[in-house]
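Trainee: One file is attached below, coords-v9.cif, containing mmCIF, C-alpha atoms.
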```cif
data_target
#
loop_
_atom_site.label_atom_id
_atom_site.label_comp_id
_atom_site.auth_asym_id
_atom_site.auth_seq_id
_atom_site.Cartn_x
_atom_site.Cartn_y
_atom_site.Cartn_z
CA MET A 44 -108.43 35.35 -17.53
CA SER A 45 -110.23 38.30 -16.05
CA GLN A 46 -113.22 38.50 -18.29
CA PRO A 47 -115.46 41.34 -17.27
CA SER A 48 -118.20 39.82 -15.19
CA SER A 49 -121.35 39.88 -17.22
CA ASP A 50 -123.46 41.46 -14.49
CA HIS A 51 -121.26 44.54 -14.44
CA ALA A 52 -121.04 44.72 -18.19
CA GLN A 53 -124.82 44.48 -18.45
CA ASP A 54 -125.30 47.12 -15.80
CA HIS A 55 -123.31 49.50 -17.91
CA THR A 56 -124.29 48.67 -21.42
CA ASP A 57 -127.03 51.27 -21.46
CA VAL A 58 -125.78 54.05 -23.67
CA PRO A 59 -125.61 57.01 -21.34
CA SER A 60 -128.36 59.40 -22.31
CA ASP A 61 -125.77 62.11 -22.06
CA PRO A 62 -122.29 60.57 -22.23
CA ALA A 63 -120.68 63.93 -21.49
CA LEU A 64 -122.44 64.03 -18.12
CA ARG A 65 -121.63 60.41 -17.33
CA VAL A 66 -117.94 60.98 -18.01
CA LYS A 67 -117.98 64.20 -16.00
CA ALA A 68 -119.59 62.34 -13.09
CA LEU A 69 -116.99 59.58 -13.33
CA GLU A 70 -114.18 62.13 -13.38
CA SER A 71 -115.56 63.86 -10.26
CA LEU A 72 -115.87 60.54 -8.47
CA LEU A 73 -112.33 59.46 -9.30
CA VAL A 74 -110.94 62.83 -8.24
CA GLU A 75 -113.00 62.80 -5.01
CA LYS A 76 -111.66 59.35 -4.18
CA GLY A 77 -108.11 60.52 -4.75
CA LEU A 78 -107.63 58.11 -7.65
CA VAL A 79 -107.00 60.80 -10.26
CA ASP A 80 -105.00 64.01 -10.01
CA PRO A 81 -106.89 66.68 -12.02
CA GLU A 82 -103.64 68.32 -13.09
CA ALA A 83 -102.31 65.04 -14.51
CA LEU A 84 -105.59 64.69 -16.37
CA ASP A 85 -105.15 68.16 -17.86
CA VAL A 86 -101.65 67.24 -19.04
CA LEU A 87 -103.06 64.21 -20.87
CA VAL A 88 -105.97 66.12 -22.41
CA ASP A 89 -103.63 68.86 -23.59
CA THR A 90 -101.45 66.21 -25.20
CA TYR A 91 -104.27 64.55 -27.13
CA GLU A 92 -105.82 67.85 -28.13
CA ASN A 93 -102.72 69.87 -28.94
CA ARG A 94 -99.44 68.03 -28.84
CA VAL A 95 -99.92 64.87 -30.85
CA GLY A 96 -101.44 64.99 -34.30
CA PRO A 97 -100.82 64.66 -38.01
CA ARG A 98 -98.73 67.84 -38.12
CA ASN A 99 -96.00 65.81 -36.39
CA GLY A 100 -96.20 63.10 -39.05
CA ALA A 101 -96.20 65.70 -41.84
CA GLN A 102 -92.88 67.10 -40.54
CA VAL A 103 -91.38 63.62 -40.60
CA VAL A 104 -92.59 63.02 -44.17
CA ALA A 105 -91.33 66.37 -45.46
CA ARG A 106 -87.92 65.77 -43.89
CA ALA A 107 -87.73 62.33 -45.50
CA TRP A 108 -88.55 63.86 -48.88
CA VAL A 109 -85.69 66.35 -48.74
CA ASP A 110 -83.11 64.35 -46.77
CA PRO A 111 -82.27 60.94 -48.32
CA ALA A 112 -80.10 59.90 -45.35
CA TYR A 113 -82.98 60.62 -42.95
CA LYS A 114 -85.37 58.73 -45.20
CA GLN A 115 -83.09 55.70 -45.11
CA ARG A 116 -82.90 55.83 -41.30
CA LEU A 117 -86.67 56.22 -41.17
CA LEU A 118 -87.30 53.11 -43.24
CA GLU A 119 -84.68 51.08 -41.38
CA ASP A 120 -85.71 52.05 -37.85
CA GLY A 121 -88.85 54.17 -37.75
CA THR A 122 -88.89 54.43 -33.96
CA ALA A 123 -85.38 55.90 -33.75
CA ALA A 124 -85.73 58.24 -36.73
CA ILE A 125 -89.07 59.59 -35.54
CA ALA A 126 -87.67 60.09 -32.02
CA GLU A 127 -84.81 61.97 -33.68
CA SER A 128 -87.46 64.38 -35.01
CA GLY A 129 -88.77 64.79 -31.46
CA TYR A 130 -91.79 62.49 -31.45
CA SER A 131 -92.13 59.47 -29.20
CA GLY A 132 -94.24 58.27 -26.29
CA GLY A 133 -97.44 56.27 -25.91
CA GLN A 134 -98.33 54.00 -28.82
CA GLY A 135 -95.12 54.92 -30.59
CA GLU A 136 -92.92 52.33 -28.94
CA LYS A 137 -92.29 50.48 -32.16
CA LEU A 138 -92.97 52.42 -35.32
CA THR A 139 -92.58 50.89 -38.74
CA VAL A 140 -92.58 53.21 -41.73
CA VAL A 141 -93.74 51.77 -45.05
CA GLU A 142 -92.98 53.58 -48.28
CA ASN A 143 -95.41 54.22 -51.10
CA MET A 144 -93.82 54.00 -54.54
CA SER A 145 -95.08 54.18 -58.10
CA SER A 146 -95.45 50.37 -58.03
CA VAL A 147 -96.50 49.80 -54.39
CA HIS A 148 -99.31 51.28 -52.31
CA ASN A 149 -99.54 50.69 -48.56
CA VAL A 150 -102.64 51.09 -46.41
CA ILE A 151 -103.01 50.69 -42.64
CA VAL A 152 -105.84 49.16 -40.64
CA CYS A 153 -106.43 47.63 -37.23
CA THR A 154 -109.01 44.86 -37.61
CA LEU A 155 -109.16 44.00 -33.90
CA CYS A 156 -109.54 47.49 -32.48
CA SER A 157 -107.90 50.84 -33.19
CA CYS A 158 -104.08 50.58 -33.10
CA TYR A 159 -102.61 53.72 -34.59
CA PRO A 160 -99.30 55.65 -34.36
CA TRP A 161 -100.34 58.37 -31.88
CA PRO A 162 -97.10 60.37 -31.65
CA VAL A 163 -97.10 61.11 -35.36
CA LEU A 164 -100.81 61.05 -36.21
CA GLY A 165 -102.67 61.78 -32.96
CA LEU A 166 -105.90 59.98 -32.14
CA PRO A 167 -107.46 57.97 -34.98
CA PRO A 168 -110.44 59.46 -36.83
CA THR A 169 -113.87 57.91 -36.31
CA TRP A 170 -113.97 56.30 -39.76
CA TYR A 171 -110.68 54.46 -39.07
CA LYS A 172 -112.42 52.80 -36.11
CA SER A 173 -115.64 52.06 -38.04
CA PHE A 174 -116.66 48.42 -38.30
CA ALA A 175 -116.77 48.70 -42.09
CA TYR A 176 -113.21 50.01 -42.43
CA ARG A 177 -111.89 47.42 -39.97
CA SER A 178 -113.66 44.50 -41.62
CA ARG A 179 -113.36 45.38 -45.31
CA THR A 180 -109.87 46.83 -45.67
CA VAL A 181 -108.20 43.43 -45.37
CA ILE A 182 -110.48 41.56 -47.77
CA ASP A 183 -111.14 44.33 -50.31
CA PRO A 184 -108.56 47.09 -49.96
CA ARG A 185 -109.06 48.35 -53.50
CA GLY A 186 -112.81 48.61 -53.01
CA VAL A 187 -112.37 50.53 -49.76
CA LEU A 188 -109.78 52.88 -51.27
CA SER A 189 -111.97 53.48 -54.29
CA GLU A 190 -114.92 54.31 -52.02
CA LEU A 191 -112.66 56.80 -50.25
CA GLY A 192 -111.74 58.40 -53.57
CA LEU A 193 -108.52 56.62 -54.45
CA ASP A 194 -108.67 54.41 -57.54
CA LEU A 195 -105.50 52.38 -58.00
CA PRO A 196 -104.42 50.89 -61.33
CA LYS A 197 -104.35 47.06 -61.49
CA ASP A 198 -100.57 46.92 -61.88
CA ILE A 199 -99.93 48.64 -58.55
CA GLU A 200 -99.26 46.18 -55.74
CA VAL A 201 -101.44 46.85 -52.70
CA ARG A 202 -100.02 46.00 -49.28
CA VAL A 203 -102.36 46.01 -46.30
CA TRP A 204 -100.82 46.33 -42.82
CA ASP A 205 -102.99 44.97 -40.00
CA SER A 206 -101.64 46.56 -36.80
CA ASN A 207 -102.52 43.87 -34.29
CA ALA A 208 -99.31 43.61 -32.29
CA ALA A 209 -96.48 45.70 -30.91
CA SER A 210 -95.75 47.59 -34.11
CA ARG A 211 -97.60 50.67 -35.29
CA TYR A 212 -97.45 51.59 -38.96
CA PHE A 213 -97.05 54.86 -40.71
CA VAL A 214 -97.11 55.39 -44.49
CA LEU A 215 -94.47 57.51 -46.16
CA PRO A 216 -96.46 58.87 -49.10
CA GLU A 217 -94.96 59.66 -52.50
CA ARG A 218 -93.71 63.18 -53.03
CA PRO A 219 -95.97 64.76 -55.64
CA ASP A 220 -94.75 66.22 -58.91
CA GLY A 221 -94.27 69.94 -59.13
CA THR A 222 -92.75 70.26 -55.66
CA GLU A 223 -89.08 70.20 -56.64
CA SER A 224 -88.44 73.79 -55.59
CA MET A 225 -90.41 73.68 -52.35
CA SER A 226 -88.84 73.98 -48.92
CA GLU A 227 -89.22 71.33 -46.24
CA THR A 228 -91.56 73.64 -44.30
CA ASP A 229 -93.82 74.21 -47.29
CA LEU A 230 -93.77 70.53 -48.22
CA ALA A 231 -95.05 69.65 -44.74
CA THR A 232 -98.17 71.74 -45.35
CA LEU A 233 -99.09 69.48 -48.29
CA VAL A 234 -99.02 66.24 -46.30
CA THR A 235 -102.44 65.12 -45.08
CA ARG A 236 -103.21 62.73 -42.25
CA ASP A 237 -105.10 60.46 -44.66
CA SER A 238 -102.05 60.14 -46.92
CA MET A 239 -100.09 58.81 -43.93
CA ILE A 240 -102.78 56.18 -43.27
CA GLY A 241 -102.60 55.27 -46.94
CA VAL A 242 -106.14 56.11 -48.02
CA ALA A 243 -105.11 59.15 -50.05
CA MET A 244 -102.21 60.46 -52.09
CA VAL A 245 -100.52 63.77 -51.43
CA ALA A 246 -101.87 66.11 -54.08
CA SER A 247 -99.64 68.34 -56.17
CA PRO A 248 -99.79 71.94 -55.06
CA THR A 249 -102.42 73.82 -56.99
CA VAL A 250 -101.47 76.70 -59.21
CA GLY A 251 -101.33 79.82 -57.09
CA GLY A 252 -101.13 77.74 -53.91
CA VAL A 253 -98.10 77.09 -51.77
CA SER A 254 -94.95 77.73 -53.72
CA MET B 537 -111.77 34.82 -28.48
CA ASN B 538 -113.96 34.39 -31.52
CA GLY B 539 -115.63 37.69 -30.71
CA ILE B 540 -117.31 40.35 -32.79
CA HIS B 541 -114.22 42.54 -32.38
CA ASP B 542 -112.30 40.12 -34.64
CA MET B 543 -114.01 41.47 -37.73
CA GLY B 544 -111.32 41.33 -40.43
CA GLY B 545 -112.90 39.95 -43.63
CA MET B 546 -116.54 40.28 -42.58
CA HIS B 547 -119.19 41.80 -44.80
CA GLY B 548 -122.26 43.82 -43.98
CA LEU B 549 -120.96 45.96 -41.14
CA GLY B 550 -122.34 49.23 -42.37
CA GLU B 551 -120.73 52.33 -43.75
CA ILE B 552 -117.19 53.61 -43.31
CA GLY B 553 -118.46 57.15 -42.85
CA TYR B 554 -115.26 58.58 -44.27
CA LYS B 555 -114.68 62.28 -43.80
CA GLU B 556 -111.55 63.86 -45.12
CA SER B 557 -109.60 65.58 -42.35
CA ALA B 558 -111.96 64.23 -39.69
CA PRO B 559 -110.51 64.82 -36.21
CA GLY B 560 -109.51 62.05 -33.78
CA TYR B 561 -112.55 62.74 -31.64
CA ASP B 562 -115.97 64.25 -32.15
CA GLU B 563 -116.79 65.47 -28.64
CA PRO B 564 -114.61 66.88 -25.85
CA TRP B 565 -115.84 64.19 -23.40
CA GLU B 566 -114.24 61.52 -25.58
CA VAL B 567 -110.77 62.95 -25.03
CA ARG B 568 -111.55 63.44 -21.33
CA LEU B 569 -112.54 59.78 -21.06
CA PHE B 570 -109.40 58.65 -22.85
CA ALA B 571 -107.32 60.71 -20.43
CA LEU B 572 -109.19 59.12 -17.49
CA VAL B 573 -108.32 55.68 -18.83
CA GLN B 574 -104.64 56.61 -18.97
CA ALA B 575 -104.74 58.33 -15.57
CA MET B 576 -106.21 55.23 -13.91
CA ARG B 577 -103.28 53.14 -15.20
CA THR B 578 -105.54 50.16 -15.61
CA GLY B 579 -103.24 48.25 -17.90
CA GLY B 580 -104.65 46.80 -21.11
CA LEU B 581 -108.39 47.11 -21.50
CA ARG B 582 -108.63 45.15 -24.72
CA ALA B 583 -109.93 42.01 -23.05
CA TYR B 584 -112.62 44.10 -21.33
CA ILE B 585 -113.68 45.73 -24.60
CA GLU B 586 -113.70 42.34 -26.28
CA GLY B 587 -115.81 40.98 -23.41
CA ILE B 588 -118.68 43.36 -24.14
CA PRO B 589 -121.54 41.20 -25.49
CA ALA B 590 -121.66 41.44 -29.29
CA PRO B 591 -125.10 43.11 -29.59
CA ASP B 592 -123.93 45.85 -27.21
CA TYR B 593 -120.51 46.12 -28.84
CA LEU B 594 -122.17 46.77 -32.19
CA ARG B 595 -124.60 49.30 -30.77
CA MET B 596 -122.07 51.32 -28.77
CA GLY B 597 -119.79 54.01 -30.12
CA TYR B 598 -116.05 53.61 -29.82
CA TYR B 599 -115.64 55.73 -26.69
CA GLU B 600 -118.73 54.17 -25.08
CA ARG B 601 -116.95 50.84 -25.32
CA TRP B 602 -113.93 52.37 -23.56
CA TYR B 603 -116.23 53.78 -20.89
CA THR B 604 -117.78 50.37 -20.27
CA ALA B 605 -114.40 48.63 -20.21
CA LEU B 606 -112.96 51.20 -17.79
CA ILE B 607 -115.90 50.92 -15.38
CA THR B 608 -115.80 47.13 -15.49
CA ARG B 609 -112.07 47.09 -14.83
CA ILE B 610 -111.98 49.57 -11.94
CA ILE B 611 -114.93 47.89 -10.21
CA GLU B 612 -113.25 44.52 -10.65
CA ARG B 613 -110.01 45.71 -9.10
CA GLY B 614 -111.85 47.39 -6.25
CA SER B 615 -110.98 51.02 -6.99
CA VAL B 616 -114.66 51.98 -6.97
CA THR B 617 -117.96 50.24 -6.32
CA LEU B 618 -120.91 49.98 -8.65
CA ALA B 619 -122.94 52.01 -6.15
CA GLU B 620 -120.37 54.82 -6.30
CA VAL B 621 -120.40 54.86 -10.09
CA ASP B 622 -124.19 54.92 -10.14
CA SER B 623 -124.49 57.68 -7.54
CA GLY B 624 -121.42 59.62 -8.63
CA ARG B 625 -120.50 60.01 -4.94
CA ALA B 626 -117.66 58.39 -3.02
CA ASP B 627 -118.67 56.08 -0.20
CA PRO B 628 -117.87 58.22 2.90
CA ALA B 629 -116.43 55.14 4.58
CA SER B 630 -113.92 54.50 1.79
CA ALA B 631 -110.27 55.45 2.22
CA LYS B 632 -108.83 58.27 0.14
CA ALA B 633 -106.40 56.93 -2.44
CA THR B 634 -103.18 58.42 -3.80
CA PRO B 635 -103.35 59.14 -7.53
CA ALA B 636 -101.41 56.63 -9.59
CA LEU B 637 -100.54 59.28 -12.13
CA THR B 638 -98.91 62.54 -11.07
CA PRO B 639 -98.55 65.46 -13.50
CA GLU B 640 -94.81 64.75 -13.60
CA ILE B 641 -95.34 61.14 -14.66
CA ALA B 642 -98.01 62.28 -17.13
CA ARG B 643 -95.49 64.58 -18.81
CA ASP B 644 -92.85 61.89 -18.72
CA LEU B 645 -95.21 59.36 -20.31
CA LEU B 646 -95.41 61.54 -23.35
CA SER B 647 -91.75 62.24 -23.79
CA ARG B 648 -90.44 58.78 -23.09
CA SER B 649 -91.53 55.56 -24.76
CA THR B 650 -92.31 52.50 -22.74
CA LYS B 651 -90.27 49.74 -24.23
CA THR B 652 -92.39 46.66 -24.76
CA GLU B 653 -89.66 44.66 -26.42
CA GLN B 654 -87.91 42.25 -24.05
CA ASP B 655 -84.13 42.09 -23.78
CA ILE B 656 -84.08 38.34 -23.62
CA GLU B 657 -81.91 36.05 -25.73
CA LEU B 658 -84.19 33.40 -27.15
CA ALA B 659 -83.45 31.17 -30.11
CA PRO B 660 -86.03 31.97 -32.80
CA ARG B 661 -88.01 28.99 -34.09
CA PHE B 662 -88.47 30.61 -37.51
CA HIS B 663 -86.24 32.63 -39.82
CA VAL B 664 -86.72 35.15 -42.61
CA GLY B 665 -87.93 33.32 -45.72
CA ASP B 666 -89.50 30.39 -43.85
CA SER B 667 -93.00 29.31 -44.84
CA VAL B 668 -95.27 29.23 -41.82
CA ARG B 669 -98.90 28.35 -41.22
CA GLY B 670 -101.26 29.95 -38.72
CA ARG B 671 -102.28 27.38 -36.14
CA ASN B 672 -105.90 26.39 -35.86
CA MET B 673 -106.59 27.72 -32.40
CA ASN B 674 -109.84 28.96 -30.91
CA PRO B 675 -109.13 30.37 -27.46
CA ALA B 676 -112.17 31.72 -25.64
CA THR B 677 -109.90 34.40 -24.18
CA HIS B 678 -107.84 37.30 -25.53
CA THR B 679 -105.55 36.74 -28.50
CA ARG B 680 -103.97 38.95 -31.15
CA MET B 681 -104.29 36.30 -33.83
CA PRO B 682 -107.16 37.28 -36.12
CA ARG B 683 -109.39 34.46 -37.34
CA TYR B 684 -108.64 35.16 -40.98
CA THR B 685 -105.01 34.03 -40.54
CA ARG B 686 -105.81 30.60 -39.10
CA GLY B 687 -104.67 27.74 -41.27
CA LYS B 688 -103.21 30.17 -43.82
CA THR B 689 -99.67 29.97 -45.11
CA GLY B 690 -97.37 32.95 -45.30
CA VAL B 691 -93.70 33.83 -45.35
CA VAL B 692 -91.57 35.30 -42.56
CA GLU B 693 -90.49 38.77 -43.69
CA ARG B 694 -88.81 40.01 -40.53
CA ASP B 695 -88.02 38.95 -36.97
CA ARG B 696 -89.44 41.72 -34.75
CA GLY B 697 -87.61 40.64 -31.60
CA VAL B 698 -88.94 39.21 -28.36
CA PHE B 699 -92.25 40.29 -26.78
CA ASP B 700 -94.50 38.86 -24.09
CA LEU B 701 -97.39 36.82 -25.44
CA PRO B 702 -100.46 39.06 -24.95
CA ASP B 703 -102.82 36.08 -24.79
CA ILE B 704 -101.92 35.50 -21.16
CA GLU B 705 -101.17 39.04 -20.02
CA GLN B 706 -104.31 39.28 -17.89
CA THR B 707 -104.04 35.84 -16.38
CA SER B 708 -101.89 34.78 -13.48
CA ALA B 709 -99.78 32.63 -15.81
CA GLU B 710 -96.06 33.27 -16.02
CA PRO B 711 -95.08 35.67 -18.83
CA LYS B 712 -94.32 33.90 -22.07
CA PRO B 713 -91.77 35.98 -23.97
CA GLN B 714 -91.20 34.83 -27.53
CA HIS B 715 -90.25 36.05 -30.98
CA VAL B 716 -92.74 38.02 -33.01
CA TYR B 717 -92.49 37.77 -36.78
CA LEU B 718 -93.76 39.98 -39.54
CA ILE B 719 -95.59 37.61 -41.90
CA ARG B 720 -96.57 38.31 -45.49
CA TYR B 721 -99.67 36.57 -46.77
CA ALA B 722 -100.62 36.65 -50.43
CA GLY B 723 -104.09 38.11 -50.88
CA ARG B 724 -105.13 34.97 -52.76
CA GLU B 725 -104.02 32.71 -49.91
CA LEU B 726 -106.30 34.60 -47.54
CA TRP B 727 -109.26 35.40 -49.77
CA GLY B 728 -109.15 33.03 -52.75
CA GLU B 729 -108.79 33.36 -56.48
CA GLU B 730 -110.92 36.48 -56.66
CA ALA B 731 -108.21 38.49 -54.94
CA PRO B 732 -105.84 40.49 -57.18
CA PRO B 733 -102.68 38.42 -57.79
CA ASN B 734 -100.16 41.00 -56.58
CA ASP B 735 -101.86 42.15 -53.40
CA SER B 736 -100.70 41.05 -49.99
CA LEU B 737 -101.27 41.49 -46.28
CA TYR B 738 -98.65 41.99 -43.59
CA ILE B 739 -99.22 41.19 -39.94
CA ASP B 740 -97.15 40.51 -36.82
CA MET B 741 -97.55 37.05 -35.33
CA TRP B 742 -96.27 35.67 -32.04
CA GLU B 743 -94.36 32.41 -32.36
CA ASP B 744 -97.12 30.44 -30.58
CA TYR B 745 -99.53 31.35 -33.39
CA LEU B 746 -97.41 29.65 -36.04
CA GLU B 747 -96.25 26.22 -37.15
CA PRO B 748 -93.88 25.23 -39.97
CA ALA B 749 -95.67 24.94 -43.31
#
```
In structure tokens, write the structure found in this file.

Mentor:
Amino acid sequence: MSQPSSDHAQDHTDVPSDPALRVKALESLLVEKGLVDPEALDVLVDTYENRVGPRNGAQVVARAWVDPAYKQRLLEDGTAAIAESGYSGGQGEKLTVVENMSSVHNVIVCTLCSCYPWPVLGLPPTWYKSFAYRSRTVIDPRGVLSELGLDLPKDIEVRVWDSNAASRYFVLPERPDGTESMSETDLATLVTRDSMIGVAMVASPTVGGVS
Amino acid sequence: MNGIHDMGGMHGLGEIGYKESAPGYDEPWEVRLFALVQAMRTGGLRAYIEGIPAPDYLRMGYYERWYTALITRIIERGSVTLAEVDSGRADPASAKATPALTPEIARDLLSRSTKTEQDIELAPRFHVGDSVRGRNMNPATHTRMPRYTRGKTGVVERDRGVFDLPDIEQTSAEPKPQHVYLIRYAGRELWGEEAPPNDSLYIDMWEDYLEPA
């Protein structure tokens, strides 16, 4: 087991006074040594900043809402159905989609670190990686959800998904009332990142909003 | 390992700090660092993050832990020296390397998934519907079995297929491919009578983590 040697870890446990400068210095060093190609780095940064993100997941959700056959494929084999919509790659190797229903509410957590379905949701928000969310969501999901503004009735079954292994989870939220006449494109604008983590519901469109 | 990172079920770890529509990063350097980690193709850094002493782990931010893990890993494998990291300058005597990640591979990484599932025919020890118990194991090294599942009984919901056991991925041991199962635990089994009767927790478990119940 290659545990980090404690002397190195201790040498580097000082919080950099300016982390931005420390990272910049590290990048320069790795480029100077020929270990990193700056152009490859730019490709990766562009991906995290612009190409992966919850808009991808929202498209998948909206399509599932309007296309029952797609929804079925999505629930049976999330990886394949999401790839069909054009999203795959790092951290999306095995995607499992779990469906919220009037009687079942799903919520996702990673207690050990920060596992998250990047291709459809992007990088996880800071609160998802907070010690409190990681520790409490498994033991008191209703308390956590309530704190985040979602109070669930007692008769709803809560299912917590701890993403510790090869699978990454993605919640298919319930389609809100009052959206029967909306197009797939407009429906996608209603779907929030937090509803696909399972800490929020998708709200009905407000009067005078998207129609 | 029974480390601070294995925090499922703990109390007193501060505030969630929830912000609706919060982005995946707060500062541009965080994304830059994450890209550096990928570009260095270090392999899994989990064990290095988990190896950060608990008081430091708790004090550091998420991306600071990645920074520490990356530095530790690349010094350990000899890509850079501590002196180079501290000075920010390459040792003039060191050879120039060839980048592990080209822009072409970087683009390819994002359009093509790396399959982690193994195409190996192995007879599963457990089947859907079986009752299984989490083994009482306390490895001092990396594992994906959270403490809160040890000794607890659940039911096999799904056979995920065959995957390498991550517990030994950073050792020189031979790979140990085995079935991974989705297990459903009743909330009350994990947390006692106070837990709501209908709530449950789902988690993937490698075969080595389980025994028949």

Trainee: Report, in Å with one decimal, the straight-line distance from CA of Val616 (chain B) to CA of Thr677 (chain B).

Mentor: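 Distance reported for this atom pair: 25.1 Å.
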
Trainee: Give me, please, the distance in Å between CA of Glu657 (chain B) and CA of Val716 (chain B), quoted to one decimal.

Mentor: 13.2 Å

Trainee: For CA of Glu92 (chain A) and CA of Ala208 (chain A), quote the distance in Å rounded to one decimal.

Mentor: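 Those two atoms sit 25.4 Å apart.
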
Trainee: Quick one: residues within 12 Å of region 739-742 of chain B, all atoms listed in the file, excluding same-chain residues fewer than 5 positions away - as an NGL selection string?

Mentor: (:A and (139 or 151-155 or 181 or 202-212)) or (:B and (660-662 or 668-671 or 679-682 or 684-686 or 690-703 or 712-722 or 747))

Trainee: With distances taken over all atoms listed in the file, which residue among B:Pro675, B:Leu737, B:Leu606, B:Ser708 lies nearest chain A?

Mentor: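 Distance minimum relative to chain A lands on B:Leu737.
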
Trainee: Contacts of Leu72 (chain A) at 8 Å or less, counting all atoms listed in the file, minus same-chain residues fewer than 3 places along, as a list in words?

Mentor: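 Final neighbour list, sorted by chain and number: Ala68, Leu69, Glu75 and Lys76 of chain A; Glu620, Val621, Gly624, Arg625 and Ala626 of chain B.
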
Trainee: Skip region 727-733 of chain B itself and residues of its chain fewer than 4 positions away, then list as a ChimeraX atom specification all residues within 10 Å of it, counting only C-alpha atoms.

Mentor: /A:181-185,197-198,200-201 /B:545,684,688,722-723

Trainee: What do you get, as a PyMOL selection string, if you spell out every residue that the PyMOL selection byres ((chain A and resi 164) around 7) selects here?

Mentor: chain A and resi 95-97+99-100+160-163+165-166+236

Trainee: Can you work out which one of A:Gly129, A:Gly77, A:Gly121, A:Gly192 has the shortest atom-to-atom distance to chain B, counting only C-alpha atoms?

Mentor: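 Using only C-alpha atoms, the shortest distance to chain B belongs to A:Gly77.
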